[in-house]
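Chemist: The structure file work.cif (mmCIF, C-alpha atoms and all ligand atoms) is provided below.
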data_data
loop_
_atom_site.group_PDB
_atom_site.id
_atom_site.type_symbol
_atom_site.label_atom_id
_atom_site.label_comp_id
_atom_site.auth_asym_id
_atom_site.auth_seq_id
_atom_site.Cartn_x
_atom_site.Cartn_y
_atom_site.Cartn_z
ATOM 1 C CA MET M 1 10.245 -7.605 -13.764
ATOM 2 C CA THR M 2 8.645 -4.616 -15.474
ATOM 3 C CA LYS M 3 5.065 -3.652 -14.805
ATOM 4 C CA ASN M 4 3.934 -4.854 -18.225
ATOM 5 C CA ILE M 5 5.528 -8.257 -17.782
ATOM 6 C CA VAL M 6 3.880 -8.582 -14.368
ATOM 7 C CA LYS M 7 0.519 -7.677 -15.898
ATOM 8 C CA GLU M 8 1.021 -10.254 -18.617
ATOM 9 C CA LYS M 9 1.908 -12.946 -16.075
ATOM 10 C CA VAL M 10 -1.101 -12.306 -13.880
ATOM 11 C CA ARG M 11 -3.395 -12.243 -16.918
ATOM 12 C CA ASP M 12 -1.980 -15.657 -17.860
ATOM 13 C CA ILE M 13 -2.694 -16.983 -14.369
ATOM 14 C CA LEU M 14 -6.295 -15.770 -14.513
ATOM 15 C CA ASP M 15 -6.704 -17.028 -18.059
ATOM 16 C CA GLY M 16 -5.382 -20.469 -17.112
ATOM 17 C CA TYR M 17 -7.694 -20.676 -14.125
ATOM 18 C CA LEU M 18 -10.801 -19.682 -16.112
ATOM 19 C CA GLU M 19 -9.934 -22.160 -18.825
ATOM 20 C CA MET M 20 -9.316 -25.013 -16.428
ATOM 21 C CA ASN M 21 -12.584 -24.380 -14.645
ATOM 22 C CA ASN M 22 -14.642 -23.802 -17.761
ATOM 23 C CA HIS M 23 -15.541 -20.291 -16.712
ATOM 24 C CA ARG M 24 -16.459 -17.688 -19.246
ATOM 25 C CA LYS M 25 -13.617 -15.321 -20.019
ATOM 26 C CA THR M 26 -15.476 -12.103 -19.528
ATOM 27 C CA SER M 27 -13.552 -8.928 -20.255
ATOM 28 C CA GLU M 28 -14.740 -7.637 -16.893
ATOM 29 C CA ARG M 29 -12.415 -9.803 -14.831
ATOM 30 C CA PHE M 30 -9.410 -8.906 -16.949
ATOM 31 C CA ALA M 31 -10.236 -5.200 -16.770
ATOM 32 C CA ILE M 32 -10.463 -5.409 -12.985
ATOM 33 C CA LEU M 33 -7.186 -7.313 -12.803
ATOM 34 C CA ASP M 34 -5.498 -4.680 -14.947
ATOM 35 C CA ALA M 35 -6.857 -1.913 -12.741
ATOM 36 C CA VAL M 36 -5.623 -3.729 -9.625
ATOM 37 C CA TYR M 37 -2.120 -3.912 -11.029
ATOM 38 C CA ASP M 38 -2.254 -0.230 -11.963
ATOM 39 C CA MET M 39 -3.062 0.797 -8.383
ATOM 40 C CA GLN M 40 -0.225 2.117 -6.243
ATOM 41 C CA GLY M 41 0.337 0.302 -2.974
ATOM 42 C CA HIS M 42 -2.654 -0.424 -0.754
ATOM 43 C CA PHE M 43 -6.147 0.475 -1.835
ATOM 44 C CA SER M 44 -9.750 0.081 -0.758
ATOM 45 C CA LEU M 45 -12.595 -1.298 -2.881
ATOM 46 C CA ASP M 46 -13.905 2.263 -3.169
ATOM 47 C CA GLU M 47 -10.633 3.483 -4.573
ATOM 48 C CA LEU M 48 -10.505 0.611 -7.041
ATOM 49 C CA SER M 49 -14.073 1.231 -8.082
ATOM 50 C CA LEU M 50 -13.261 4.912 -8.636
ATOM 51 C CA ALA M 51 -10.215 4.041 -10.738
ATOM 52 C CA LEU M 52 -12.366 1.757 -12.899
ATOM 53 C CA GLU M 53 -14.978 4.469 -13.287
ATOM 54 C CA ASN M 54 -12.299 6.934 -14.321
ATOM 55 C CA SER M 55 -11.345 4.621 -17.144
ATOM 56 C CA ASN M 56 -15.036 4.381 -18.054
ATOM 57 C CA PHE M 57 -15.521 0.907 -16.708
ATOM 58 C CA ARG M 58 -18.489 0.417 -14.450
ATOM 59 C CA VAL M 59 -18.865 -2.742 -12.417
ATOM 60 C CA SER M 60 -21.322 -3.506 -9.672
ATOM 61 C CA ARG M 61 -20.159 -3.777 -6.100
ATOM 62 C CA ALA M 62 -21.046 -7.469 -6.040
ATOM 63 C CA THR M 63 -19.010 -8.216 -9.150
ATOM 64 C CA LEU M 64 -16.073 -6.279 -7.812
ATOM 65 C CA TYR M 65 -16.230 -8.044 -4.484
ATOM 66 C CA ASN M 66 -16.562 -11.510 -5.977
ATOM 67 C CA THR M 67 -13.797 -10.880 -8.461
ATOM 68 C CA MET M 68 -11.467 -9.715 -5.712
ATOM 69 C CA ARG M 69 -12.263 -12.874 -3.780
ATOM 70 C CA LEU M 70 -11.258 -14.930 -6.775
ATOM 71 C CA PHE M 71 -8.032 -12.936 -7.119
ATOM 72 C CA ILE M 72 -7.252 -13.559 -3.455
ATOM 73 C CA GLU M 73 -7.774 -17.272 -3.974
ATOM 74 C CA LEU M 74 -5.425 -17.182 -6.958
ATOM 75 C CA ARG M 75 -2.873 -15.277 -4.875
ATOM 76 C CA LEU M 76 -2.992 -12.353 -7.273
ATOM 77 C CA VAL M 77 -4.258 -10.057 -4.549
ATOM 78 C CA VAL M 78 -3.751 -9.955 -0.822
ATOM 79 C CA ARG M 79 -6.330 -8.547 1.575
ATOM 80 C CA HIS M 80 -4.992 -6.641 4.547
ATOM 81 C CA ARG M 81 -7.035 -6.084 7.646
ATOM 82 C CA PHE M 82 -5.308 -3.028 8.942
ATOM 83 C CA ILE M 83 -6.570 -1.204 12.018
ATOM 84 C CA GLY M 84 -10.066 -0.021 11.188
ATOM 85 C CA GLN M 85 -9.690 -0.511 7.445
ATOM 86 C CA THR M 86 -9.616 -3.272 4.884
ATOM 87 C CA LYS M 87 -7.119 -2.740 2.094
ATOM 88 C CA TYR M 88 -6.085 -4.725 -0.908
ATOM 89 C CA GLU M 89 -2.770 -5.011 -2.634
ATOM 90 C CA ALA M 90 -1.480 -6.588 -5.829
ATOM 91 C CA CYS M 91 0.883 -9.250 -4.592
ATOM 92 C CA TYR M 92 2.359 -11.011 -7.596
ATOM 93 C CA ASN M 93 6.078 -10.184 -7.644
ATOM 94 C CA ASN M 94 5.407 -7.714 -4.834
ATOM 95 C CA GLU M 95 6.460 -9.496 -1.682
ATOM 96 C CA ASP M 96 9.715 -7.771 -0.953
ATOM 97 C CA HIS M 97 8.300 -5.517 1.750
ATOM 98 C CA ILE M 98 6.874 -5.695 5.240
ATOM 99 C CA HIS M 99 4.308 -3.426 6.876
ATOM 100 C CA GLN M 100 4.773 -1.135 9.848
ATOM 101 C CA ILE M 101 1.460 -0.416 11.519
ATOM 102 C CA CYS M 102 1.024 2.389 14.033
ATOM 103 C CA THR M 103 -1.328 1.217 16.763
ATOM 104 C CA VAL M 104 -2.130 4.827 17.708
ATOM 105 C CA CYS M 105 -3.134 6.450 14.391
ATOM 106 C CA GLY M 106 -3.351 3.346 12.200
ATOM 107 C CA ALA M 107 -0.857 4.629 9.640
ATOM 108 C CA VAL M 108 0.677 1.883 7.526
ATOM 109 C CA THR M 109 4.111 2.225 5.964
ATOM 110 C CA GLU M 110 6.000 -0.256 3.890
ATOM 111 C CA ILE M 111 9.670 -0.944 4.278
ATOM 112 C CA GLU M 112 12.076 -3.256 2.554
ATOM 113 C CA ALA M 113 13.556 -5.734 4.979
ATOM 114 C CA VAL M 114 15.903 -7.927 3.025
ATOM 115 C CA GLU M 115 17.030 -9.928 6.061
ATOM 116 C CA ILE M 116 13.439 -10.884 6.858
ATOM 117 C CA THR M 117 12.288 -11.632 3.322
ATOM 118 C CA ASP M 118 15.452 -13.659 2.726
ATOM 119 C CA ALA M 119 14.866 -15.580 5.955
ATOM 120 C CA ILE M 120 11.319 -16.429 4.860
ATOM 121 C CA ALA M 121 12.514 -17.435 1.399
ATOM 122 C CA ASN M 122 15.060 -19.762 3.000
ATOM 123 C CA THR M 123 12.694 -21.265 5.556
ATOM 124 C CA LYS M 124 11.731 -24.888 4.983
ATOM 125 C CA PHE M 125 8.030 -25.306 5.587
ATOM 126 C CA GLN M 126 6.592 -28.555 6.821
ATOM 127 C CA ARG M 127 4.106 -30.421 4.642
ATOM 128 C CA PHE M 128 3.122 -27.082 3.264
ATOM 129 C CA ARG M 129 3.474 -25.228 0.027
ATOM 130 C CA LYS M 130 4.104 -21.579 0.671
ATOM 131 C CA ASP M 131 2.302 -19.281 -1.737
ATOM 132 C CA GLY M 132 3.133 -15.969 -0.170
ATOM 133 C CA PHE M 133 3.272 -13.980 3.007
ATOM 134 C CA SER M 134 2.275 -10.705 4.637
ATOM 135 C CA LEU M 135 4.109 -9.403 7.627
ATOM 136 C CA TYR M 136 2.934 -6.734 10.040
ATOM 137 C CA ILE M 137 5.076 -5.044 12.643
ATOM 138 C CA TYR M 138 3.009 -3.192 15.238
ATOM 139 C CA GLY M 139 4.302 -0.136 17.021
ATOM 140 C CA VAL M 140 4.089 3.650 17.208
ATOM 141 C CA CYS M 141 4.966 5.902 14.260
ATOM 142 C CA SER M 142 7.367 8.817 14.696
ATOM 143 C CA ARG M 143 4.564 11.397 14.371
ATOM 144 C CA CYS M 144 2.607 9.791 17.189
ATOM 145 C CA GLN M 145 5.759 9.438 19.258
ATOM 146 C CA ALA M 146 6.474 13.158 18.824
ATOM 147 C CA LYS M 147 2.889 14.016 19.690
ATOM 148 C CA MET M 148 2.998 11.819 22.775
ATOM 149 C CA SER M 149 6.232 13.375 24.029
ATOM 150 C CA ARG M 150 4.837 16.892 23.382
ATOM 151 C CA GLU M 151 1.807 16.003 25.461
ATOM 152 C CA ARG M 152 3.979 14.506 28.156
ATOM 153 C CA ASN M 153 6.072 17.700 28.274
ATOM 154 C CA LYS M 154 2.957 19.861 28.482
ATOM 155 C CA LEU M 155 1.657 17.797 31.348
ATOM 156 C CA LYS M 156 5.017 18.013 33.098
ATOM 157 C CA GLN M 157 5.101 21.820 32.686
ATOM 158 C CA LYS M 158 1.641 22.043 34.148
ATOM 159 C CA GLN M 159 2.662 19.913 37.101
ATOM 160 C CA ASP M 160 5.853 21.947 37.629
ATOM 161 C CA LYS M 161 3.824 25.170 37.632
ATOM 162 C CA ALA M 162 1.374 23.712 40.072
ATOM 163 C CA ASN M 163 4.266 22.707 42.320
ATOM 164 C CA GLU M 164 5.799 26.187 42.102
ATOM 165 C CA ASN M 165 2.562 27.805 43.151
ATOM 166 C CA ARG M 166 2.124 25.547 46.075
HETATM 167 ZN ZN ZN M 201 0.856 7.006 14.333
HETATM 168 ZN ZN ZN M 202 2.043 -3.687 1.211
#
Just give me the structure as structure tokens.
Modeler:
Amino acid sequence: MTKNIVKEKVRDILDGYLEMNNHRKTSERFAILDAVYDMQGHFSLDELSLALENSNFRVSRATLYNTMRLFIELRLVVRHRFIGQTKYEACYNNEDHIHQICTVCGAVTEIEAVEITDAIANTKFQRFRKDGFSLYIYGVCSRCQAKMSRERNKLKQKQDKANENR
């Protein structure tokens, strides 16, 4: 699905919801939705707000927050509570990845894991309609692992020296 088709689909979902609930179709919500689907990967509210400003669209914090809540309800956006940071992500047609979270530095990387996403797609849920999923794998990133082993080596050298001098 190309980006433009995705944007069209999510606009339709929002449009249908507003119509069904007799809400006003303000251009604001559609502009925010567009901006969300233009963002790359995970983003904070600040980053989204900046992107909107850069395209000369100013919205208040409250509007932005409330609109994102609506998008989450409509499963157009997913909210991640990563370590020490809240991030958002466009999730329509974007559920083919899982998240690796480093518990030392908090870095988040995305990887494709076909076996896992296929397994979830093929899972039969009980008395439940699945709308989507987010998966987090916790561990230690390679940079932190390298740093930890450097520190371990340094400590060992120090201990060896101390032993030599004994
Ligand atoms: Zn790390
Ligand atoms: Zn993600």
Chemist: Rank M:Asp96, M:Glu73, M:Glu8, M:Asp38 by their smallest atom-to-atom distance to ligand ZN 202 (chain M), using only C-alpha atoms and all ligand atoms, and report the top residue only.
Modeler: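 Ranking M:Asp96, M:Glu73, M:Glu8, M:Asp38 by distance to ligand ZN 202 (chain M), first place goes to M:Asp96.
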Chemist: Using only C-alpha atoms and all ligand atoms for the distances, tell me which of M:Arg81, M:Lys87, M:Arg58, M:His42 is nearest to ligand ZN 202 (chain M).
Modeler: M:His42
Chemist: Go through the shown structure with the PyMOL selection byres (((not hetatm)) within 10 of (chain M and resi 202)) and write out the matching residues as a PyMOL selection string.
Modeler: chain M and resi 40-43+78-80+87-91+94-100+108-111+134-136
Chemist: Kindly provide, as an MDAnalysis selection string, the polymer residues lying within 6 Å of (-3.3, -5.8, -9.8), counting only C-alpha atoms and using the coordinates exactly as they appear in the file.
Modeler: chainID M and resid 33:34 36:37 90
Chemist: Could you list, as an MDAnalysis selection string, all residues that come within 9 Å of ligand ZN 201 (chain M)? Count all atoms listed in the file.
Modeler: chainID M and resid 101:108 139:145
Chemist: Closest to M:Leu18 among M:Met39, M:Ala31, M:Ala162, M:Leu74, using all atoms listed in the file?
Modeler: M:Leu74
Chemist: Pick the closest to M:Thr2 from M:Lys124, M:Leu64, M:Asn93, M:Glu151: which is it, counting all atoms listed in the file?
Modeler: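 Going through M:Lys124, M:Leu64, M:Asn93, M:Glu151 one by one, the smallest distance to M:Thr2 is for M:Asn93.
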Chemist: Carefully work through the PyMOL selection byres (((chain M and resi 70) around 12) and not hetatm) for this structure and note down the residues it includes, as a short mmCIF file (atom, residue, chain, number, x, y, z; two decimals) with C-alpha atoms, in the coordinates of the input.
Modeler:
data_model
loop_
_atom_site.label_atom_id
_atom_site.label_comp_id
_atom_site.auth_asym_id
_atom_site.auth_seq_id
_atom_site.Cartn_x
_atom_site.Cartn_y
_atom_site.Cartn_z
CA ILE M 13 -2.69 -16.98 -14.37
CA LEU M 14 -6.30 -15.77 -14.51
CA TYR M 17 -7.69 -20.68 -14.12
CA LEU M 18 -10.80 -19.68 -16.11
CA ARG M 29 -12.42 -9.80 -14.83
CA PHE M 30 -9.41 -8.91 -16.95
CA ILE M 32 -10.46 -5.41 -12.98
CA LEU M 33 -7.19 -7.31 -12.80
CA THR M 63 -19.01 -8.22 -9.15
CA LEU M 64 -16.07 -6.28 -7.81
CA TYR M 65 -16.23 -8.04 -4.48
CA ASN M 66 -16.56 -11.51 -5.98
CA THR M 67 -13.80 -10.88 -8.46
CA MET M 68 -11.47 -9.72 -5.71
CA ARG M 69 -12.26 -12.87 -3.78
CA PHE M 71 -8.03 -12.94 -7.12
CA ILE M 72 -7.25 -13.56 -3.46
CA GLU M 73 -7.77 -17.27 -3.97
CA LEU M 74 -5.42 -17.18 -6.96
CA ARG M 75 -2.87 -15.28 -4.88
CA LEU M 76 -2.99 -12.35 -7.27
CA VAL M 77 -4.26 -10.06 -4.55
CA VAL M 78 -3.75 -9.96 -0.82
CA ARG M 79 -6.33 -8.55 1.58
#
Chemist: Could you state which residues are captured by the PyMOL selection byres (((chain M and resi 49) around 10) and not hetatm) in this file, as a PyMOL selection string?
Modeler: chain M and resi 32+35-36+44-48+50-54+57-61+64
Chemist: Please indicate the distance in Å from atom CA of M:Gly132 to atom CA of M:Ile116, rounded to one decimal place.
Modeler: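 Atom-to-atom, atom CA of M:Gly132 and atom CA of M:Ile116 are spaced 13.5 Å apart.
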Chemist: For atom CA of M:Gln85 and atom CA of M:Ile137, determine how far apart the two atoms are, in Å to one decimal place.
Modeler: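 Computed distance, atom CA of M:Gln85 to atom CA of M:Ile137, equals 16.3 Å.
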Chemist: By how many Å are atom CA of M:Val10 and atom CA of M:Tyr92 apart?
Modeler: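 It comes out at 7.3 Å.
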Chemist: Taking N, CA, C and O atoms as the atom set, what does stretch 60-78 of chain M look like once completed, written as a compact mmCIF listing (two decimals), in the coordinates of the input?
Modeler:
# COMPACT_ATOMS: atom_id res chain seq x y z
N SER M 60 -20.53 -3.55 -10.90
CA SER M 60 -21.32 -3.51 -9.67
C SER M 60 -20.44 -3.88 -8.48
O SER M 60 -19.40 -4.53 -8.64
N ARG M 61 -20.87 -3.46 -7.32
CA ARG M 61 -20.16 -3.78 -6.10
C ARG M 61 -19.99 -5.29 -5.93
O ARG M 61 -18.93 -5.79 -5.56
N ALA M 62 -21.06 -6.02 -6.23
CA ALA M 62 -21.05 -7.47 -6.04
C ALA M 62 -20.01 -8.12 -6.96
O ALA M 62 -19.26 -9.00 -6.54
N THR M 63 -19.98 -7.67 -8.20
CA THR M 63 -19.01 -8.22 -9.15
C THR M 63 -17.59 -7.92 -8.69
O THR M 63 -16.72 -8.80 -8.71
N LEU M 64 -17.40 -6.69 -8.26
CA LEU M 64 -16.07 -6.28 -7.81
C LEU M 64 -15.63 -7.13 -6.63
O LEU M 64 -14.52 -7.66 -6.59
N TYR M 65 -16.54 -7.29 -5.69
CA TYR M 65 -16.23 -8.04 -4.48
C TYR M 65 -15.91 -9.51 -4.81
O TYR M 65 -14.91 -10.06 -4.35
N ASN M 66 -16.76 -10.10 -5.62
CA ASN M 66 -16.56 -11.51 -5.98
C ASN M 66 -15.28 -11.72 -6.78
O ASN M 66 -14.59 -12.72 -6.61
N THR M 67 -15.01 -10.77 -7.66
CA THR M 67 -13.80 -10.88 -8.46
C THR M 67 -12.56 -10.76 -7.58
O THR M 67 -11.60 -11.52 -7.74
N MET M 68 -12.61 -9.86 -6.61
CA MET M 68 -11.47 -9.72 -5.71
C MET M 68 -11.28 -10.99 -4.89
O MET M 68 -10.16 -11.40 -4.60
N ARG M 69 -12.37 -11.61 -4.54
CA ARG M 69 -12.26 -12.87 -3.78
C ARG M 69 -11.56 -13.94 -4.59
O ARG M 69 -10.75 -14.70 -4.08
N LEU M 70 -11.91 -13.98 -5.88
CA LEU M 70 -11.26 -14.93 -6.78
C LEU M 70 -9.76 -14.61 -6.88
O LEU M 70 -8.92 -15.52 -6.79
N PHE M 71 -9.44 -13.33 -7.01
CA PHE M 71 -8.03 -12.94 -7.12
C PHE M 71 -7.25 -13.31 -5.85
O PHE M 71 -6.09 -13.68 -5.92
N ILE M 72 -7.91 -13.20 -4.72
CA ILE M 72 -7.25 -13.56 -3.46
C ILE M 72 -6.96 -15.06 -3.45
O ILE M 72 -5.88 -15.50 -3.09
N GLU M 73 -7.95 -15.82 -3.90
CA GLU M 73 -7.77 -17.27 -3.97
C GLU M 73 -6.62 -17.64 -4.90
O GLU M 73 -5.87 -18.57 -4.63
N LEU M 74 -6.48 -16.91 -5.98
CA LEU M 74 -5.42 -17.18 -6.96
C LEU M 74 -4.09 -16.56 -6.56
O LEU M 74 -3.11 -16.65 -7.30
N ARG M 75 -4.07 -15.94 -5.39
CA ARG M 75 -2.87 -15.28 -4.88
C ARG M 75 -2.40 -14.17 -5.80
O ARG M 75 -1.21 -13.93 -5.97
N LEU M 76 -3.34 -13.51 -6.45
CA LEU M 76 -2.99 -12.35 -7.27
C LEU M 76 -3.15 -11.08 -6.45
O LEU M 76 -2.58 -10.05 -6.77
N VAL M 77 -3.97 -11.20 -5.41
CA VAL M 77 -4.26 -10.06 -4.55
C VAL M 77 -4.20 -10.52 -3.10
O VAL M 77 -4.56 -11.65 -2.80
N VAL M 78 -3.72 -9.66 -2.24
CA VAL M 78 -3.75 -9.96 -0.82
C VAL M 78 -4.68 -8.95 -0.14
O VAL M 78 -4.74 -7.79 -0.54
